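A short worksheet on the structure shown next.
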Amino acid sequence: MDLETLFASARGGCQSPDCDHKHHSNDPMFLHPRCHPKAGTWVSVNAETRTIRVACAACRKLVVEVNCN
């Protein structure tokens, strides 16, 4: 996904399965892994490919990869 798509997704609220998604458009979106919702995330930034990768801290399953080109 690109950065603009991520921002557009954020306008819809967070992605947490336990959330009622009743957010205002200016509230932040929280990226929680669906596989281990309480585990937190692991973020890596690759300057060469200009990508940001967010993964589950428990199993490293991809949550989102953002292409910043």
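Lettering and numbering for the structure tokens are positional, with chains as A, B, ... in the shown order, residues counted from 1 in each chain, and ligands counted from 1 in the shown order.
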
**OP:** Find the residues near A:Ala57: any atom within 7 Å, counting only C-alpha atoms, skip ones fewer than 3 places away on the same chain, and give them as a VMD selection string.
**Re:** chain A and resid 39 to 42 60

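The shell of residues at most 10 Å from A:Leu6, with only C-alpha atoms counted and near chain neighbours (fewer than 2 positions) removed, consists of Met1, Asp2, Leu3, Glu4, Ala8, Ser9, Ala10, Arg11, Met29, Val64, Glu65, Val66 and Asn67 of chain A.
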
Could you save those same residues with C-alpha atoms as a short mmCIF file (atom, residue, chain, number, x, y, z; two decimals), in the first residue's frame?
data_model
loop_
_atom_site.label_atom_id
_atom_site.label_comp_id
_atom_site.auth_asym_id
_atom_site.auth_seq_id
_atom_site.Cartn_x
_atom_site.Cartn_y
_atom_site.Cartn_z
CA MET A 1 0.00 0.00 0.00
CA ASP A 2 1.20 3.53 -0.55
CA LEU A 3 1.25 6.31 2.03
CA GLU A 4 -1.88 8.03 0.69
CA ALA A 8 -7.24 7.20 3.60
CA SER A 9 -7.61 4.00 5.62
CA ALA A 10 -6.89 5.93 8.83
CA ARG A 11 -9.88 8.16 8.17
CA MET A 29 -5.61 4.65 13.43
CA VAL A 64 1.12 -3.62 6.72
CA GLU A 65 3.89 -2.61 4.34
CA VAL A 66 3.89 1.01 3.20
CA ASN A 67 5.62 2.06 -0.01
#

**OP:** Please indicate the distance in Å from atom CA of A:Pro33 to atom CA of A:Cys56, rounded to one decimal place.
**Re:** 5.4 Å

Original post:
Of the candidates A:Lys61, A:Val54, A:Ala47, A:Phe7, which one gets nearest to A:Cys35 if we count only C-alpha atoms?
Top reply: A:Lys61
